[in-house]
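Below is one structure; the comments refer to it alone.
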Amino acid sequence: MDNGLILLRRTFRGLRREYGRRYGLSAELVTGDGTIVGARSGAIRNLPVLRRSREHALQEGVRWGEPSSFLLAPGIVSWAIPLVEGERMRGGLSGGTVRGTADPREAAETVSYLVAAGAPRPLASAYVAECPVWPLSRVPGTAAWLFQRAYEVTAWQPSLLTRNRENAQQQQQIAEEIHRRKASGQPGFSLDQERTLLARIRAGDRGGARHELNHLLAHTFLHSPRLPVMQGRAVELLGYLVRAAVEDNPRLEHLLEQHIQWVERIVTSRDFEAACAGLRDALDDCMNHIELQGFTRHHPQVRRVLEFLAGNYMRTVRLDEAAAVAGLSRFRVAHLVKECTGKTIRQHVKLLRIQKARMWLEETDKPLAEIASDLGFADQSHFIRHFRDLTGLTPARYRRDLSSPTSSDLATDPMPASTRRV
């Protein structure tokens, strides 16, 4: 057995008990070829056909960087958690087996399938009968909980999974944008999009910057799917971003050296997906440098305004106050903050309030009405609307999703889009 799995087995007992109490299922260690560790020789769980299904599920989990739900056999659903330390796969976890229906005809079909695969009929019948009946909507949340707890127990950093998940999400966004552009007949590229991307970088909006970048990549692909064209466009875009950063803050001159390494990775990429991943990583690296030095540090007026907002956002902030702090006119301070950060003063206040709200939702039991009042929102509905605009969730749903899902939650919540469907 892999040394990593041996170490995990020593701490696995507590996780297994916790998982069993929470979901009534048994989690099992699995080797890379889908074999359940510790199962006795000839056990039905390690039938070759079932082992191969688990092996494929682990491979899919690594490919997508997330838990993989799958049909273990007709009528039986399982889920696999790839266990990765850094760039190396150590094995996996099987989250158990469930049936989606109690229909005896479907159970008989499953038994026949297992018998045909080499299992004795009595063992096959007992195996199917022991599988609990679950609504399939419970599976994704259960798999997500086991995934999270497994990495908390091991303290492993699955960089391979993280990268694969980001690559998959990026390609999905690009594909969706390509489809949308084709359907709408919109042009493939707009200079306004470069400016929007730069504004999001200046504002520190990493998620928004990635989203804009993926739109630009989709537009580039529509213009020409040839890899050299895409690489050239990516290099051009990087040059624009680095030049803007250095012009805005001379302390960022070291980005010019880093730029050479980014360009080398992009021009040596083997395919479109690799080039996209290289540009995304360059964007993240660039934003990390910018966050350390800041786009606005050489604008003392903007810095003073942002510091003032950080200390006063829980009350109504008037533009006159911001202007007085900066020593500028109302018009000038509004224009300068927007130009340097990509956000208006009102947007900065809104963002600070929602960030504080998220902290309270995560760390306290404060009622929503009290949070809305303490943060200076006109009323609870006003707070809910702004929170949903920035996070995509209502405050109540955000708080509920923070805790691991219970059986009742899983029975009613829709299947998360990020989890692979059965």
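A note on labels: chains of the structure tokens are A, B, ... as shown, every chain counts residues from 1, and ligands are counted from 1 in their shown order.
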
| task | Name all residues at most 10 Å from segment 354-370 of chain A (count only C-alpha atoms; drop same-chain ones fewer than 2 positions away) and give them as a VMD selection string. | result | chain A and resid 313 to 314 348 to 352 372 to 375 377 379 to 381 383 to 384 386 to 391 395 to 396 398 to 403

Counting only C-alpha atoms, which residues of segment 107-151 of chain A sit at most 12 Å from some atom of segment 58-66 of chain A, and what is each one's closest atom pair with its distance in Å to one decimal, listed by chain and rising residue number, as CSV?
```
residue,atom,partner,partner_atom,distance
A:Pro140,CA,A:Glu66,CA,10.5
A:Gly141,CA,A:Glu66,CA,11.9
A:Ala143,CA,A:Glu66,CA,9.2
A:Ala144,CA,A:Glu66,CA,8.1
A:Trp145,CA,A:Glu66,CA,11.3
A:Leu146,CA,A:Glu66,CA,11.0
A:Phe147,CA,A:Glu66,CA,7.8
A:Gln148,CA,A:Glu66,CA,10.0
A:Tyr151,CA,A:Glu66,CA,11.9
```

| said: Please identify the alpha helix (DSSP H) residues within segment 4-162 of chain A (assignment by DSSP from backbone atoms) and present them as a PyMOL selection string. | reply: chain A and resi 4-23+48-64+104-116+121-130+139-154+159-162

| Which polymer residues have any atom within 8 Å of an atom of Leu15 of chain A, counting only C-alpha atoms, with same-chain residues fewer than 5 positions away left out, as a VMD selection string? | chain A and resid 149 to 150 153

| said: From the options A:Ile36, A:Ala274, A:Cys340, A:Leu114, which residue's atoms come nearest to Asn167 of chain A, counting only C-alpha atoms? | reply: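 Selected residue with least distance to Asn167 of chain A: A:Ala274.
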
| task | Could you give me the residues within segment 66-309 of chain A that DSSP places in strand (DSSP E), as a list in words? | result |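 DSSP-assigned strand (DSSP E) residues in segment 66-309 of chain A: Ser68, Ser69, Phe70, Leu71, Leu72, Ala73, Ile76, Val77, Ser78, Trp79, Ala80, Ile81, Pro82, Leu83, Val84, Glu85, Arg88, Met89, Arg90, Gly91, Gly92, Leu93, Ser94, Gly95, Gly96, Thr97, Val98 and Arg99 of chain A.
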
Output N, CA and C atoms of each residue in that selection to a file, as a PDB file, in the first residue's frame.
```
ATOM      1  N   SER A  68     -16.337  12.549  -7.582  1.00  0.00           N
ATOM      2  CA  SER A  68     -16.933  11.976  -8.789  1.00  0.00           C
ATOM      3  C   SER A  68     -18.049  11.015  -8.393  1.00  0.00           C
ATOM      4  N   SER A  69     -19.296  11.350  -8.764  1.00  0.00           N
ATOM      5  CA  SER A  69     -20.440  10.469  -8.540  1.00  0.00           C
ATOM      6  C   SER A  69     -20.645   9.604  -9.778  1.00  0.00           C
ATOM      7  N   PHE A  70     -21.015   8.336  -9.576  1.00  0.00           N
ATOM      8  CA  PHE A  70     -21.085   7.433 -10.724  1.00  0.00           C
ATOM      9  C   PHE A  70     -21.984   6.243 -10.417  1.00  0.00           C
ATOM     10  N   LEU A  71     -22.393   5.562 -11.474  1.00  0.00           N
ATOM     11  CA  LEU A  71     -23.139   4.318 -11.337  1.00  0.00           C
ATOM     12  C   LEU A  71     -22.151   3.178 -11.140  1.00  0.00           C
ATOM     13  N   LEU A  72     -22.146   2.613  -9.953  1.00  0.00           N
ATOM     14  CA  LEU A  72     -21.266   1.490  -9.674  1.00  0.00           C
ATOM     15  C   LEU A  72     -21.775   0.229 -10.375  1.00  0.00           C
ATOM     16  N   ALA A  73     -23.085   0.109 -10.406  1.00  0.00           N
ATOM     17  CA  ALA A  73     -23.769  -1.003 -11.075  1.00  0.00           C
ATOM     18  C   ALA A  73     -25.174  -0.496 -11.391  1.00  0.00           C
ATOM     19  N   ILE A  76     -27.295   1.198  -8.632  1.00  0.00           N
ATOM     20  CA  ILE A  76     -26.472   1.496  -7.462  1.00  0.00           C
ATOM     21  C   ILE A  76     -25.545   2.670  -7.770  1.00  0.00           C
ATOM     22  N   VAL A  77     -25.613   3.687  -6.917  1.00  0.00           N
ATOM     23  CA  VAL A  77     -24.810   4.898  -7.086  1.00  0.00           C
ATOM     24  C   VAL A  77     -23.751   4.946  -6.002  1.00  0.00           C
ATOM     25  N   SER A  78     -22.562   5.390  -6.374  1.00  0.00           N
ATOM     26  CA  SER A  78     -21.480   5.582  -5.423  1.00  0.00           C
ATOM     27  C   SER A  78     -20.760   6.882  -5.763  1.00  0.00           C
ATOM     28  N   TRP A  79     -19.787   7.241  -4.952  1.00  0.00           N
ATOM     29  CA  TRP A  79     -18.986   8.432  -5.224  1.00  0.00           C
ATOM     30  C   TRP A  79     -17.571   8.188  -4.721  1.00  0.00           C
ATOM     31  N   ALA A  80     -16.623   8.746  -5.443  1.00  0.00           N
ATOM     32  CA  ALA A  80     -15.205   8.527  -5.155  1.00  0.00           C
ATOM     33  C   ALA A  80     -14.515   9.859  -4.912  1.00  0.00           C
ATOM     34  N   ILE A  81     -13.621   9.877  -3.944  1.00  0.00           N
ATOM     35  CA  ILE A  81     -12.848  11.061  -3.594  1.00  0.00           C
ATOM     36  C   ILE A  81     -11.389  10.799  -3.932  1.00  0.00           C
ATOM     37  N   PRO A  82     -10.822  11.465  -4.936  1.00  0.00           N
ATOM     38  CA  PRO A  82      -9.396  11.262  -5.213  1.00  0.00           C
ATOM     39  C   PRO A  82      -8.546  11.884  -4.111  1.00  0.00           C
ATOM     40  N   LEU A  83      -7.574  11.152  -3.624  1.00  0.00           N
ATOM     41  CA  LEU A  83      -6.667  11.651  -2.595  1.00  0.00           C
ATOM     42  C   LEU A  83      -5.336  11.991  -3.252  1.00  0.00           C
ATOM     43  N   VAL A  84      -5.048  13.272  -3.299  1.00  0.00           N
ATOM     44  CA  VAL A  84      -3.863  13.764  -4.002  1.00  0.00           C
ATOM     45  C   VAL A  84      -3.036  14.608  -3.048  1.00  0.00           C
ATOM     46  N   GLU A  85      -1.757  14.331  -2.985  1.00  0.00           N
ATOM     47  CA  GLU A  85      -0.831  15.150  -2.205  1.00  0.00           C
ATOM     48  C   GLU A  85       0.086  15.879  -3.174  1.00  0.00           C
ATOM     49  N   ARG A  88       0.845  14.346  -6.721  1.00  0.00           N
ATOM     50  CA  ARG A  88       0.855  12.887  -6.755  1.00  0.00           C
ATOM     51  C   ARG A  88      -0.439  12.316  -6.204  1.00  0.00           C
ATOM     52  N   MET A  89      -1.038  11.407  -6.932  1.00  0.00           N
ATOM     53  CA  MET A  89      -2.232  10.725  -6.462  1.00  0.00           C
ATOM     54  C   MET A  89      -1.832   9.596  -5.523  1.00  0.00           C
ATOM     55  N   ARG A  90      -2.456   9.592  -4.333  1.00  0.00           N
ATOM     56  CA  ARG A  90      -2.144   8.592  -3.323  1.00  0.00           C
ATOM     57  C   ARG A  90      -3.175   7.469  -3.252  1.00  0.00           C
ATOM     58  N   GLY A  91      -4.304   7.636  -3.883  1.00  0.00           N
ATOM     59  CA  GLY A  91      -5.401   6.668  -3.798  1.00  0.00           C
ATOM     60  C   GLY A  91      -6.719   7.416  -3.747  1.00  0.00           C
ATOM     61  N   GLY A  92      -7.652   6.895  -2.973  1.00  0.00           N
ATOM     62  CA  GLY A  92      -8.937   7.556  -2.901  1.00  0.00           C
ATOM     63  C   GLY A  92      -9.802   7.031  -1.781  1.00  0.00           C
ATOM     64  N   LEU A  93     -11.001   7.574  -1.707  1.00  0.00           N
ATOM     65  CA  LEU A  93     -12.015   7.137  -0.764  1.00  0.00           C
ATOM     66  C   LEU A  93     -13.274   6.762  -1.538  1.00  0.00           C
ATOM     67  N   SER A  94     -13.900   5.682  -1.124  1.00  0.00           N
ATOM     68  CA  SER A  94     -15.232   5.349  -1.620  1.00  0.00           C
ATOM     69  C   SER A  94     -16.230   5.778  -0.565  1.00  0.00           C
ATOM     70  N   GLY A  95     -17.235   6.563  -0.982  1.00  0.00           N
ATOM     71  CA  GLY A  95     -18.184   7.113  -0.024  1.00  0.00           C
ATOM     72  C   GLY A  95     -19.329   6.191   0.325  1.00  0.00           C
ATOM     73  N   GLY A  96     -19.332   4.962  -0.188  1.00  0.00           N
ATOM     74  CA  GLY A  96     -20.424   4.036   0.083  1.00  0.00           C
ATOM     75  C   GLY A  96     -21.287   3.820  -1.144  1.00  0.00           C
ATOM     76  N   THR A  97     -22.372   3.073  -0.978  1.00  0.00           N
ATOM     77  CA  THR A  97     -23.272   2.762  -2.079  1.00  0.00           C
ATOM     78  C   THR A  97     -24.708   2.987  -1.641  1.00  0.00           C
ATOM     79  N   VAL A  98     -25.522   3.519  -2.552  1.00  0.00           N
ATOM     80  CA  VAL A  98     -26.941   3.740  -2.284  1.00  0.00           C
ATOM     81  C   VAL A  98     -27.748   3.355  -3.515  1.00  0.00           C
ATOM     82  N   ARG A  99     -29.031   3.130  -3.290  1.00  0.00           N
ATOM     83  CA  ARG A  99     -29.953   2.882  -4.400  1.00  0.00           C
ATOM     84  C   ARG A  99     -30.885   4.072  -4.544  1.00  0.00           C
TER      85      ARG A  99
END
```

| field | Test item: residues at most 12 Å from His335 of chain A, only C-alpha atoms, excluding those fewer than 2 positions along its chain, as a list in words | value |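 Once the nearby chain positions are removed, what remains is Gln301, Val302, Leu319, Ala322, Ala323, Leu328, Ser329, Arg330, Phe331, Arg332, Val333, Val337, Lys338, Glu339, Cys340, Thr341, Gly342, Lys343, Thr344 and Ile345 of chain A.
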
| Of the candidates A:Gly392, A:Gly24, A:Gly232, A:Pro48, which one gets nearest to Gly118 of chain A if we count only C-alpha atoms? | A:Pro48

| task | Name all residues at most 10 Å from Gln258 of chain A (count only C-alpha atoms; drop same-chain ones fewer than 5 positions away) and give them as a list in words. | result |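 Once the nearby chain positions are removed, what remains is Val242, Glu253, Val263, Ala282, Asp285 and Cys286 of chain A.
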
Keeping only C-alpha atoms, take the residues you just selected and write them out as a PDB file, in the first residue's frame.
```
ATOM      1  CA  VAL A 242       1.990  44.861 -17.442  1.00  0.00           C
ATOM      2  CA  GLU A 253       8.801  47.419 -12.545  1.00  0.00           C
ATOM      3  CA  VAL A 263       5.320  34.874 -22.309  1.00  0.00           C
ATOM      4  CA  ALA A 282      -0.054  34.882 -15.324  1.00  0.00           C
ATOM      5  CA  ASP A 285       0.537  36.107 -10.470  1.00  0.00           C
ATOM      6  CA  CYS A 286       0.226  39.659 -11.736  1.00  0.00           C
TER       7      CYS A 286
END
```

| field | Of the listed residues A:His259, A:Arg51, A:Glu18, A:Leu227, that which approaches Asp33 of chain A most closely, counting only C-alpha atoms | value |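 Going through A:His259, A:Arg51, A:Glu18, A:Leu227 one by one, the smallest distance to Asp33 of chain A is for A:Arg51.
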
| query | Do you have the atom CA of Gly239 of chain A-atom CA of Gln170 of chain A distance handy? | reply | 21.3 Å

| So which one's closest to Arg206 of chain A, A:Ala245, A:Ile290, A:Val49, A:Ala27? Using only C-alpha atoms, please. | A:Ile290

| task | Between A:Pro74, A:Pro135, A:Pro120, A:Gly20, single out the one closest to Ala107 of chain A, counting only C-alpha atoms. | result |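 Comparing A:Pro74, A:Pro135, A:Pro120, A:Gly20 against Ala107 of chain A, the winner is A:Pro74.
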
| field | Å distance separating atom CA of Ser26 of chain A from atom CA of Asp103 of chain A, one decimal place | value |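 Value for the atom CA of Ser26 of chain A-atom CA of Asp103 of chain A distance: 23.1 Å.
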
| query | How many Å lie between atom CA of Gln157 of chain A and atom CA of Glu28 of chain A, rounded to one decimal? | reply |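 Between these atoms lies a distance of 20.7 Å.
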